[in-house]
Amino acid sequence: MKNIYIVGVPRAGKSTLSRMIKERYPIYNQISFEAVRNGFMESQEELDMGNRNSEARKNILPKHITTFAYWNNKILGAPSLVEGSFCSIEELLKLVSEDDLIICLGLGCRSIEEVVEGIKEHDSEKDYTSDWSYEQLKLHFRDTKENDKLNYEFCLENNIKYYDTFENRNKVFEDIIQSLN
């Protein structure tokens with residue numbers, strides 16, 4: 001089986017889709033970018049993994065995660081299911097095997113106002129943004145629209161599936177899972 005990489009903008013459903021695939025296909029070794037990053041942050045503070053712009057986070061982390069997934073699959077025969085925004089899709093495409101699958105989740109290139117309204121409407125207490133104000137959300141997701149547009153265009157140019165999860169997320173996720181068969 002191939003490794004699957006689920007990437008995209010914040011709050012597009014990467015963790016939820018990953019969990020759903022893992023439930024359906026327990027053979028997958030689930031890897032969360034946040035968990036790996038947090039491990040580095042605790043064990044090697046000098047790498048500054050908490051800083052989105054640190055060289056280690058941009059260069060070491062993506063290579064580390066994709067190399068682990070590759071060898072885990074090769075040696076143990078257990079494919080990996082990797083989720084998170086640990087690098088750009090362009091960089092990820094350079095790091096993964098051509099047999100691997102990249103799934104890009106997005107919010108349909110909507111305006112920041114639409115994104116924030118959708119987040120406020122669908123937040124649950126489990127979501128890290130559940131108690132944030134409209135203005136905090138708008139500030140936090142200010143780059144989402146541009147990043148989503150860049151992801152969408154890159155996916156079109158490179159034959160990578162882009163899924164808009166804004167409207168009917170559960171239907172989109174079921175369609176993705178069915179396409180894995």
# chains A, B, ... in the order shown; residues from 1 in each chain; ligands from 1
>>> closest_atom_pairs(of="region 65-131 of chain A", to="region 22-34 of chain A", cutoff="8 Å", atoms="only C-alpha atoms", output="tab-separated table")
residue	atom	partner	partner_atom	distance
A:Ile65	CA	A:Phe33	CA	7.9
A:Ala78	CA	A:Tyr28	CA	6.1
A:Pro79	CA	A:Tyr28	CA	5.2
A:Ser80	CA	A:Asn29	CA	4.5
A:Leu81	CA	A:Gln30	CA	4.7
A:Val82	CA	A:Ile31	CA	4.7
A:Glu83	CA	A:Ser32	CA	5.3
A:Gly84	CA	A:Phe33	CA	4.9
A:Ser85	CA	A:Phe33	CA	7.0
A:Phe86	CA	A:Phe33	CA	6.0
>>> closest_atom_pairs(of="region 3-49 of chain A", to="region 127-130 of chain A", cutoff="12 Å", atoms="only C-alpha atoms", output="tab-separated table")
residue	atom	partner	partner_atom	distance
A:Pro10	CA	A:Thr129	CA	10.7
A:Arg11	CA	A:Asp127	CA	8.9
A:Gly13	CA	A:Asp127	CA	11.0
A:Ser15	CA	A:Asp127	CA	11.1
A:Thr16	CA	A:Asp127	CA	11.3
>>> residues_around(residues="region 37-41 of chain A", least_positions_apart="6", cutoff="9 Å", atoms="only C-alpha atoms", output="list of chain:residue names")
A:Leu47, A:Asp48, A:Met49, A:Gly50, A:Arg57, A:Leu61, A:Phe86
>>> atom_distance(atom1="CA of Ser97 (chain A)", atom2="CA of Tyr5 (chain A)")
11.0 Å
>>> select_by_dssp(residues="region 7-174 of chain A", states="strand (DSSP E or B)", output="number ranges by chain")
A: 7-8, 29-32, 80-83, 101-106, 161-164
>>> select_by_dssp(residues="region 5-145 of chain A", states="alpha helix (DSSP H)", output="PyMOL selection string")
chain A and resi 14-24+33-43+55+61-76+89-95+112-122+134-140+144-145
>>> residues_around(residues="Leu137 (chain A)", least_positions_apart="3", cutoff="10 Å", atoms="only C-alpha atoms", output="number ranges by chain")
A: 112-113, 115-117, 119-120, 129-134, 140-142
